[in-house]
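Participant: What follows is the file final_34.cif, containing mmCIF, C-alpha atoms:
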data_start
loop_
_atom_site.label_atom_id
_atom_site.label_comp_id
_atom_site.auth_asym_id
_atom_site.auth_seq_id
_atom_site.Cartn_x
_atom_site.Cartn_y
_atom_site.Cartn_z
CA MET A 1435 0.00 0.00 0.00
CA LEU A 1436 1.07 3.59 -0.44
CA PHE A 1437 2.78 5.21 2.52
CA GLU A 1438 0.75 8.26 3.52
CA PRO A 1439 1.55 8.99 7.17
CA ARG A 1440 -1.15 10.60 9.29
CA SER A 1441 1.41 13.25 10.21
CA GLY A 1442 1.69 14.07 6.50
CA ARG A 1443 -2.04 14.59 6.13
CA LEU A 1444 -2.19 16.71 9.29
CA ALA A 1445 0.75 18.88 8.19
CA ALA A 1446 -0.34 19.30 4.56
CA TRP A 1447 -3.98 20.15 5.23
CA GLY A 1448 -3.14 22.07 8.38
CA ASN A 1449 -0.77 24.23 6.36
CA ALA A 1450 -3.44 24.81 3.72
CA LEU A 1451 -5.87 25.84 6.45
CA LEU A 1452 -3.34 28.19 8.06
CA ALA A 1453 -2.82 29.79 4.64
CA GLY A 1454 -6.56 30.27 4.17
CA LEU A 1455 -6.72 27.99 1.11
CA VAL A 1456 -9.24 25.51 2.51
CA SER A 1457 -12.10 25.63 5.00
CA PRO A 1458 -11.81 24.05 8.46
CA ASP A 1459 -14.33 21.38 7.46
CA GLU A 1460 -12.38 20.45 4.32
CA ALA A 1461 -9.09 20.34 6.22
CA VAL A 1462 -10.45 18.17 9.03
CA SER A 1463 -12.20 15.79 6.62
CA SER A 1464 -8.98 15.32 4.64
CA ILE A 1465 -6.87 14.82 7.76
CA VAL A 1466 -9.20 12.22 9.27
CA GLY A 1467 -9.56 10.35 5.98
CA GLU A 1468 -10.89 6.83 6.60
CA ASP A 1469 -10.34 7.03 10.36
CA ALA A 1470 -13.37 7.37 12.63
CA LEU A 1471 -12.17 10.22 14.84
CA HIS A 1472 -9.15 12.40 15.62
CA ARG A 1473 -8.70 14.24 18.92
CA VAL A 1474 -5.88 16.39 20.32
CA GLU A 1475 -4.81 16.04 23.94
CA GLY A 1476 -2.53 18.29 25.98
CA LEU A 1477 -3.08 21.55 24.11
CA PRO A 1478 -2.13 24.60 26.19
CA GLY A 1479 -5.29 26.21 27.53
CA GLU A 1480 -7.43 23.08 27.13
CA ALA A 1481 -8.31 20.87 30.10
CA GLY A 1482 -8.97 17.74 28.04
CA PRO A 1483 -9.01 16.29 24.52
CA VAL A 1484 -10.54 18.48 21.81
CA GLY A 1485 -11.55 18.01 18.19
CA LEU A 1486 -9.30 18.89 15.26
CA THR A 1487 -11.20 22.02 14.29
CA LEU A 1488 -10.79 23.57 17.72
CA ALA A 1489 -7.22 22.29 18.00
CA LEU A 1490 -6.08 23.83 14.71
CA GLY A 1491 -7.68 27.13 15.68
CA ARG A 1492 -5.96 27.01 19.06
CA LEU A 1493 -2.60 26.31 17.46
CA ARG A 1494 -3.04 29.34 15.21
CA ALA A 1495 -3.88 31.47 18.26
CA LEU A 1496 -0.72 30.18 19.97
CA GLY A 1497 1.37 31.53 17.08
CA VAL A 1498 1.77 28.43 14.94
CA SER A 1499 2.57 29.52 11.38
CA GLY A 1500 3.23 26.11 9.82
CA LEU A 1501 3.45 22.38 10.44
CA ARG A 1502 6.40 20.11 9.68
CA VAL A 1503 6.55 16.31 9.49
CA ALA A 1504 9.05 14.05 11.27
CA LEU A 1505 9.46 10.39 10.28
CA PRO A 1506 12.12 9.06 12.66
CA ALA A 1507 13.54 5.53 12.71
CA PRO A 1508 16.09 3.89 15.02
CA GLY A 1509 19.38 5.69 14.53
CA HIS A 1510 17.79 8.31 12.27
CA PRO A 1511 15.90 11.14 14.07
CA LEU A 1512 14.57 12.51 10.77
CA GLY A 1513 12.75 15.82 11.28
CA LEU A 1514 13.17 15.93 15.06
CA SER A 1515 14.81 18.62 17.17
CA GLY A 1516 14.26 17.38 20.75
CA PRO A 1517 13.83 17.23 23.64
CA ALA A 1518 14.43 13.56 24.50
CA GLU A 1519 10.88 12.89 25.71
CA PHE A 1520 9.30 14.13 22.49
CA ASN A 1521 11.87 12.32 20.35
CA ALA A 1522 11.20 9.05 22.19
CA ARG A 1523 7.43 9.35 21.73
CA ALA A 1524 7.87 10.23 18.06
CA LEU A 1525 10.25 7.32 17.51
CA GLU A 1526 7.78 4.92 19.09
CA ALA A 1527 5.00 6.20 16.80
CA GLU A 1528 7.42 6.43 13.85
CA GLU A 1529 6.02 9.87 13.01
CA ALA A 1530 5.18 13.28 14.46
CA VAL A 1531 4.24 16.83 13.54
CA VAL A 1532 6.39 19.74 14.72
CA CYS A 1533 4.93 23.24 14.84
CA ALA A 1534 6.71 26.25 13.38
CA GLY A 1535 6.18 29.45 15.36
CA ALA A 1536 5.48 27.72 18.69
CA ALA A 1537 7.52 25.17 20.66
CA LEU A 1538 4.95 22.40 20.32
CA GLY A 1539 4.75 19.02 18.62
CA LEU A 1540 2.06 16.40 18.05
CA VAL A 1541 2.52 12.63 18.24
CA PRO A 1542 -0.29 10.28 17.16
CA GLU A 1543 -1.55 7.37 19.21
CA VAL A 1544 -3.66 5.04 17.05
CA THR A 1545 -6.35 2.77 18.53
CA GLU A 1546 -8.05 0.07 16.46
CA VAL A 1547 -11.19 -1.74 17.64
CA GLY A 1548 -13.35 -4.28 15.85
CA PRO A 1549 -13.06 -7.36 13.64
CA ALA A 1550 -11.14 -7.51 10.37
CA GLY A 1551 -13.03 -5.65 7.68
CA ASP A 1552 -14.86 -3.49 10.20
CA VAL A 1553 -12.07 -1.84 12.16
CA HIS A 1554 -12.90 1.38 14.02
CA VAL A 1555 -9.79 3.62 14.10
CA THR A 1556 -9.40 6.57 16.45
CA VAL A 1557 -6.33 8.79 16.69
CA THR A 1558 -5.27 10.83 19.70
CA TRP A 1559 -2.64 13.46 18.95
CA HIS A 1560 -0.56 14.15 22.07
CA CYS A 1561 0.64 17.75 22.19
CA LEU A 1562 4.08 18.04 23.82
CA PRO A 1563 6.82 20.68 24.18
CA VAL A 1564 9.58 20.63 21.58
CA ARG A 1565 12.92 22.35 21.27
CA GLU A 1566 12.96 25.21 18.76
CA ALA A 1567 15.86 24.20 16.53
CA PRO A 1568 16.40 23.15 12.90
CA PRO A 1569 14.92 19.68 12.22
CA ALA A 1570 17.40 16.85 11.79
CA ASP A 1571 18.51 15.65 8.34
CA VAL A 1572 15.72 17.17 6.21
CA PRO A 1573 16.87 17.74 2.60
CA SER A 1574 15.66 20.36 0.17
CA LEU A 1575 13.20 19.29 -2.52
CA GLY A 1576 15.95 19.41 -5.12
CA GLU A 1577 18.26 17.21 -3.03
CA ALA A 1578 15.44 14.78 -2.30
CA GLU A 1579 14.52 14.46 -5.98
CA ARG A 1580 18.11 13.73 -7.01
CA GLU A 1581 18.57 11.21 -4.20
CA LEU A 1582 15.33 9.42 -5.12
CA ALA A 1583 16.24 9.08 -8.78
CA GLU A 1584 19.62 7.58 -7.87
CA ALA A 1585 18.16 5.29 -5.20
CA LEU A 1586 15.42 4.04 -7.50
CA ARG A 1587 17.92 3.21 -10.25
CA ASP A 1588 20.38 1.49 -7.92
CA ALA A 1589 17.77 -0.45 -5.96
CA THR A 1590 15.95 -1.63 -9.08
CA ALA A 1591 19.17 -2.99 -10.50
CA ALA A 1592 20.11 -4.70 -7.22
CA LEU A 1593 16.67 -6.23 -6.60
CA THR A 1594 16.38 -7.43 -10.19
CA ARG A 1595 19.75 -9.13 -9.86
CA LEU A 1596 18.54 -10.82 -6.65
CA ASP A 1597 15.21 -11.81 -8.27
CA VAL A 1598 13.00 -10.07 -5.71
CA ALA A 1599 11.03 -7.81 -8.03
CA GLY A 1600 7.32 -7.45 -7.13
CA SER A 1601 5.01 -10.02 -8.70
CA GLY A 1602 1.72 -11.80 -8.07
CA PRO A 1603 -1.78 -10.52 -7.25
CA VAL A 1604 -0.78 -8.60 -4.13
CA ALA A 1605 1.93 -6.75 -6.01
CA GLU A 1606 -0.39 -6.04 -8.93
CA ALA A 1607 -3.07 -4.65 -6.60
CA ALA A 1608 -0.53 -2.39 -4.91
CA LEU A 1609 0.79 -1.17 -8.24
CA SER A 1610 -2.76 -0.49 -9.47
CA ALA A 1611 -3.41 1.55 -6.32
CA TYR A 1612 -0.24 3.52 -6.95
CA ARG A 1613 -1.18 4.25 -10.57
CA ALA A 1614 -4.65 5.38 -9.54
CA ARG A 1615 -3.19 7.68 -6.92
CA ALA A 1616 -0.58 9.02 -9.33
CA THR A 1617 -3.30 10.12 -11.77
CA ALA A 1618 -4.84 12.24 -9.00
CA GLY A 1619 -1.98 14.71 -9.52
CA ARG A 1620 -2.06 17.60 -7.08
CA ASP A 1621 -4.64 15.84 -4.90
CA ALA A 1622 -1.66 13.95 -3.47
CA LEU A 1623 -1.00 17.07 -1.40
CA ALA A 1624 -3.19 19.86 -0.10
CA PRO A 1625 -3.86 22.96 -2.22
CA GLY A 1626 -1.02 25.45 -2.43
CA TYR A 1627 1.93 23.05 -2.52
CA PRO A 1628 4.41 23.54 -5.38
CA ALA A 1629 4.35 21.11 -8.31
CA ARG A 1630 7.83 19.90 -7.42
CA ALA A 1631 6.65 18.83 -3.95
CA VAL A 1632 3.83 16.81 -5.54
CA ARG A 1633 6.34 15.18 -7.91
CA VAL A 1634 8.78 14.35 -5.11
CA LEU A 1635 6.01 12.93 -2.93
CA ALA A 1636 4.73 10.70 -5.74
CA LEU A 1637 8.23 9.41 -6.50
CA ALA A 1638 8.93 8.79 -2.81
CA GLN A 1639 5.70 6.80 -2.53
CA ARG A 1640 6.69 4.80 -5.61
CA VAL A 1641 10.08 3.99 -4.09
CA ASP A 1642 8.47 3.08 -0.76
CA LEU A 1643 6.01 0.82 -2.59
CA MET A 1644 8.85 -0.97 -4.36
CA VAL A 1645 10.61 -1.57 -1.05
CA SER A 1646 7.41 -2.81 0.61
CA LEU A 1647 6.73 -5.25 -2.22
CA ALA A 1648 10.28 -6.57 -2.03
CA TYR A 1649 9.83 -7.30 1.67
CA GLU A 1650 6.28 -8.69 1.39
CA ASN A 1651 7.16 -11.12 -1.39
CA GLY A 1652 9.40 -13.15 0.88
CA HIS A 1653 12.89 -14.06 -0.15
CA GLY A 1654 12.21 -14.42 -3.87
CA GLY A 1655 15.28 -15.84 -5.50
CA ALA A 1656 17.52 -14.75 -2.62
CA VAL A 1657 17.68 -18.17 -0.98
CA SER A 1658 21.13 -18.01 0.59
CA SER A 1659 21.92 -16.01 3.71
CA SER A 1660 24.42 -13.92 1.77
CA GLU A 1661 21.83 -13.08 -0.88
CA MET A 1662 19.23 -12.18 1.77
CA ALA A 1663 21.81 -9.95 3.45
CA ALA A 1664 22.54 -8.35 0.10
CA ARG A 1665 18.85 -7.61 -0.42
CA ALA A 1666 18.56 -6.01 3.02
CA GLU A 1667 21.71 -4.01 2.30
CA ALA A 1668 20.18 -2.80 -0.98
CA LEU A 1669 16.87 -1.82 0.63
CA ARG A 1670 18.13 -0.08 3.76
CA PRO A 1671 19.51 3.10 2.15
CA VAL A 1672 16.53 3.26 -0.21
CA GLU A 1673 14.10 3.29 2.71
CA ARG A 1674 16.09 6.10 4.29
CA VAL A 1675 16.08 8.16 1.08
CA ALA A 1676 12.33 7.64 0.61
CA ARG A 1677 11.58 8.83 4.15
CA ARG A 1678 13.81 11.89 3.71
CA ALA A 1679 11.99 12.73 0.48
CA LEU A 1680 8.55 12.34 2.05
CA VAL A 1681 9.53 14.76 4.81
CA ALA A 1682 11.00 17.21 2.31
CA ALA A 1683 7.77 17.18 0.29
CA TYR A 1684 5.44 17.67 3.24
CA ASN A 1685 7.70 20.31 4.80
CA SER A 1686 8.29 22.29 1.63
CA ALA A 1687 5.40 24.62 2.43
CA VAL A 1688 7.04 25.76 5.66
CA GLU A 1689 10.57 25.88 4.23
CA ALA A 1690 9.33 28.06 1.36
CA GLY A 1691 7.66 30.47 3.76
CA GLY A 1692 4.12 29.16 3.59
CA VAL A 1693 1.68 27.29 1.35
CA GLY A 1694 0.74 29.25 -1.73
CA ARG A 1695 3.30 31.97 -1.08
#
Any chance you could put this one into structure tokens?
Facilitator:
Amino acid sequence: MLFEPRSGRLAAWGNALLAGLVSPDEAVSSIVGEDALHRVEGLPGEAGPVGLTLALGRLRALGVSGLRVALPAPGHPLGLSGPAEFNARALEAEEAVVCAGAALGLVPEVTEVGPAGDVHVTVTWHCLPVREAPPADVPSLGEAERELAEALRDATAALTRLDVAGSGPVAEAALSAYRARATAGRDALAPGYPARAVRVLALAQRVDLMVSLAYENGHGGAVSSSEMAARAEALRPVERVARRALVAAYNSAVEAGGVGR
């Protein structure tokens, strides 16, 4: 499936709302997506959890001018700036949103209830203090695009050599989903994002899909331990590049001074 982190949806549509390009209802609907409910807990000035509409308005009142995405992994605090407590929570969730203009960050806690096929998903965003400092290891859009092109070429060659290219009905379904999403064009991001950000996001999702299919399809032709190690070695840097590119795309609105500006 395509990797579209909840932090990405919150940042993209939150930025569009802050820029006045979408209504609160449109922003909240796009952020929630197929989930049942999103709430924000720990907002300054609020005694308990509140809905997204109120939360986004409160963040604006607190001076938030933009939202950035963090997609950390062990040994790679991508997009984080501290402190340790926030970094640890973000690493556990594998994602977070960091506010520009106020020393606050949001980490999602996802709860799923119900049987397969009828899962009820609720998300609680925990608002925590963050350190106001440049985010770790976030490339520019231009850097991300160049890195992705190189990673895609190198990984495709390596995985083809190891006979772990995606195949079968699961792979075909995933590829069909990617193609359908790719035709949506600028809908991949909220209104106001530059065309280059949309292009980088789509390419990053394509690379992430390729990596996911390589993992999901078992060992393929890589039957020896050395070949399996070679596959993991080929995929590891590609995953890192794809995550860096996703963050660059979602954060481009803030780095450029604001969505639509």
Participant: When you count only C-alpha atoms, which of these residues is closest to Cys1533 (chain A): A:Ser1660, A:Ser1515, A:Thr1590, A:Ser1499?
Facilitator: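 The answer is A:Ser1499, which sits nearest to Cys1533 (chain A).
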Participant: Do a neighbour search on region 1448-1452 of chain A at 12 Å with only C-alpha atoms, toss out local chain neighbours closer than 4 positions, and write the hits as a PDB file with C-alpha atoms, in the frame of the given file.
Facilitator:
ATOM      1  CA  ARG A1440      -1.150  10.600   9.290  1.00  0.00           C
ATOM      2  CA  SER A1441       1.410  13.250  10.210  1.00  0.00           C
ATOM      3  CA  GLY A1442       1.690  14.070   6.500  1.00  0.00           C
ATOM      4  CA  ARG A1443      -2.040  14.590   6.130  1.00  0.00           C
ATOM      5  CA  LEU A1444      -2.190  16.710   9.290  1.00  0.00           C
ATOM      6  CA  VAL A1456      -9.240  25.510   2.510  1.00  0.00           C
ATOM      7  CA  SER A1457     -12.100  25.630   5.000  1.00  0.00           C
ATOM      8  CA  PRO A1458     -11.810  24.050   8.460  1.00  0.00           C
ATOM      9  CA  ASP A1459     -14.330  21.380   7.460  1.00  0.00           C
ATOM     10  CA  GLU A1460     -12.380  20.450   4.320  1.00  0.00           C
ATOM     11  CA  ALA A1461      -9.090  20.340   6.220  1.00  0.00           C
ATOM     12  CA  VAL A1462     -10.450  18.170   9.030  1.00  0.00           C
ATOM     13  CA  SER A1463     -12.200  15.790   6.620  1.00  0.00           C
ATOM     14  CA  SER A1464      -8.980  15.320   4.640  1.00  0.00           C
ATOM     15  CA  ILE A1465      -6.870  14.820   7.760  1.00  0.00           C
ATOM     16  CA  VAL A1466      -9.200  12.220   9.270  1.00  0.00           C
ATOM     17  CA  LEU A1486      -9.300  18.890  15.260  1.00  0.00           C
ATOM     18  CA  THR A1487     -11.200  22.020  14.290  1.00  0.00           C
ATOM     19  CA  ALA A1489      -7.220  22.290  18.000  1.00  0.00           C
ATOM     20  CA  LEU A1490      -6.080  23.830  14.710  1.00  0.00           C
ATOM     21  CA  GLY A1491      -7.680  27.130  15.680  1.00  0.00           C
ATOM     22  CA  ARG A1492      -5.960  27.010  19.060  1.00  0.00           C
ATOM     23  CA  LEU A1493      -2.600  26.310  17.460  1.00  0.00           C
ATOM     24  CA  ARG A1494      -3.040  29.340  15.210  1.00  0.00           C
ATOM     25  CA  ALA A1495      -3.880  31.470  18.260  1.00  0.00           C
ATOM     26  CA  GLY A1497       1.370  31.530  17.080  1.00  0.00           C
ATOM     27  CA  VAL A1498       1.770  28.430  14.940  1.00  0.00           C
ATOM     28  CA  SER A1499       2.570  29.520  11.380  1.00  0.00           C
ATOM     29  CA  GLY A1500       3.230  26.110   9.820  1.00  0.00           C
ATOM     30  CA  LEU A1501       3.450  22.380  10.440  1.00  0.00           C
ATOM     31  CA  ARG A1502       6.400  20.110   9.680  1.00  0.00           C
ATOM     32  CA  VAL A1503       6.550  16.310   9.490  1.00  0.00           C
ATOM     33  CA  VAL A1531       4.240  16.830  13.540  1.00  0.00           C
ATOM     34  CA  VAL A1532       6.390  19.740  14.720  1.00  0.00           C
ATOM     35  CA  CYS A1533       4.930  23.240  14.840  1.00  0.00           C
ATOM     36  CA  ALA A1534       6.710  26.250  13.380  1.00  0.00           C
ATOM     37  CA  LEU A1623      -1.000  17.070  -1.400  1.00  0.00           C
ATOM     38  CA  ALA A1624      -3.190  19.860  -0.100  1.00  0.00           C
ATOM     39  CA  PRO A1625      -3.860  22.960  -2.220  1.00  0.00           C
ATOM     40  CA  GLY A1626      -1.020  25.450  -2.430  1.00  0.00           C
ATOM     41  CA  TYR A1627       1.930  23.050  -2.520  1.00  0.00           C
ATOM     42  CA  TYR A1684       5.440  17.670   3.240  1.00  0.00           C
ATOM     43  CA  ASN A1685       7.700  20.310   4.800  1.00  0.00           C
ATOM     44  CA  SER A1686       8.290  22.290   1.630  1.00  0.00           C
ATOM     45  CA  ALA A1687       5.400  24.620   2.430  1.00  0.00           C
ATOM     46  CA  VAL A1688       7.040  25.760   5.660  1.00  0.00           C
ATOM     47  CA  GLU A1689      10.570  25.880   4.230  1.00  0.00           C
ATOM     48  CA  ALA A1690       9.330  28.060   1.360  1.00  0.00           C
ATOM     49  CA  GLY A1691       7.660  30.470   3.760  1.00  0.00           C
ATOM     50  CA  GLY A1692       4.120  29.160   3.590  1.00  0.00           C
ATOM     51  CA  VAL A1693       1.680  27.290   1.350  1.00  0.00           C
ATOM     52  CA  GLY A1694       0.740  29.250  -1.730  1.00  0.00           C
ATOM     53  CA  ARG A1695       3.300  31.970  -1.080  1.00  0.00           C
TER      54      ARG A1695
END
Participant: Quick one: residues within 7 Å of region 1476-1481 of chain A, only C-alpha atoms, excluding same-chain residues fewer than 3 positions away - as number ranges by chain?
Facilitator: A: 1560-1562
Participant: Check which residues satisfy the PyMOL selection byres ((chain A and resi 1564) around 7) in the file shown, then give them as a ChimeraX atom specification.
Facilitator: /A:1516-1517,1520,1537-1539,1562-1563,1565-1566
Participant: Contacts of region 1569-1585 of chain A at 8 Å or less, counting only C-alpha atoms, minus same-chain residues fewer than 3 places along, as an MDAnalysis selection string?
Facilitator: chainID A and resid 1511:1515 1588:1589 1630:1631 1634 1637:1638 1641 1671:1672 1675:1676 1678:1679 1681:1683 1686
Participant: If the PyMOL selection byres ((chain A and resi 1548-1555) around 8) were run on this exact file, what residues would it hold? Put them as a list in words.
Facilitator: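 Against this file, the PyMOL selection byres ((chain A and resi 1548-1555) around 8) returns the residues Asp1469, Ala1470, Leu1471, Val1544, Thr1545, Glu1546, Val1547, Thr1556 and Val1557 of chain A.
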Participant: Which residues are near Pro1506 (chain A)? Cut-off 9 Å, all atoms listed in the file, ignore same chain within fewer than 6 positions. Put them as a list in words.
Facilitator: Leu1512, Gly1513, Leu1514, Asn1521, Ala1524, Leu1525, Glu1526, Ala1527, Glu1528, Glu1529, Ala1530 and Arg1677 of chain A
Participant: Between CA of Arg1523 (chain A) and CA of Ala1453 (chain A), what distance in Å does the model show, to one decimal?
Facilitator: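 It comes out at 28.5 Å.
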Participant: Using all atoms listed in the file, which residue out of A:Ala1668, A:Val1541, A:Ala1518, A:Leu1647 lies closest to Leu1586 (chain A)?
Facilitator: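 The shortest atom-to-atom distance to Leu1586 (chain A) comes from A:Ala1668.
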Participant: Hey, can you check how far CA of Arg1674 (chain A) sits from CA of Ala1522 (chain A)?
Facilitator: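 If I compute the distance from CA of Arg1674 (chain A) to CA of Ala1522 (chain A), I get 18.8 Å.
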Participant: To one decimal in Å, tell me the separation between CA of Pro1568 (chain A) and CA of Gly1485 (chain A).
Facilitator: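 Between CA of Pro1568 (chain A) and CA of Gly1485 (chain A) the gap is 28.9 Å.
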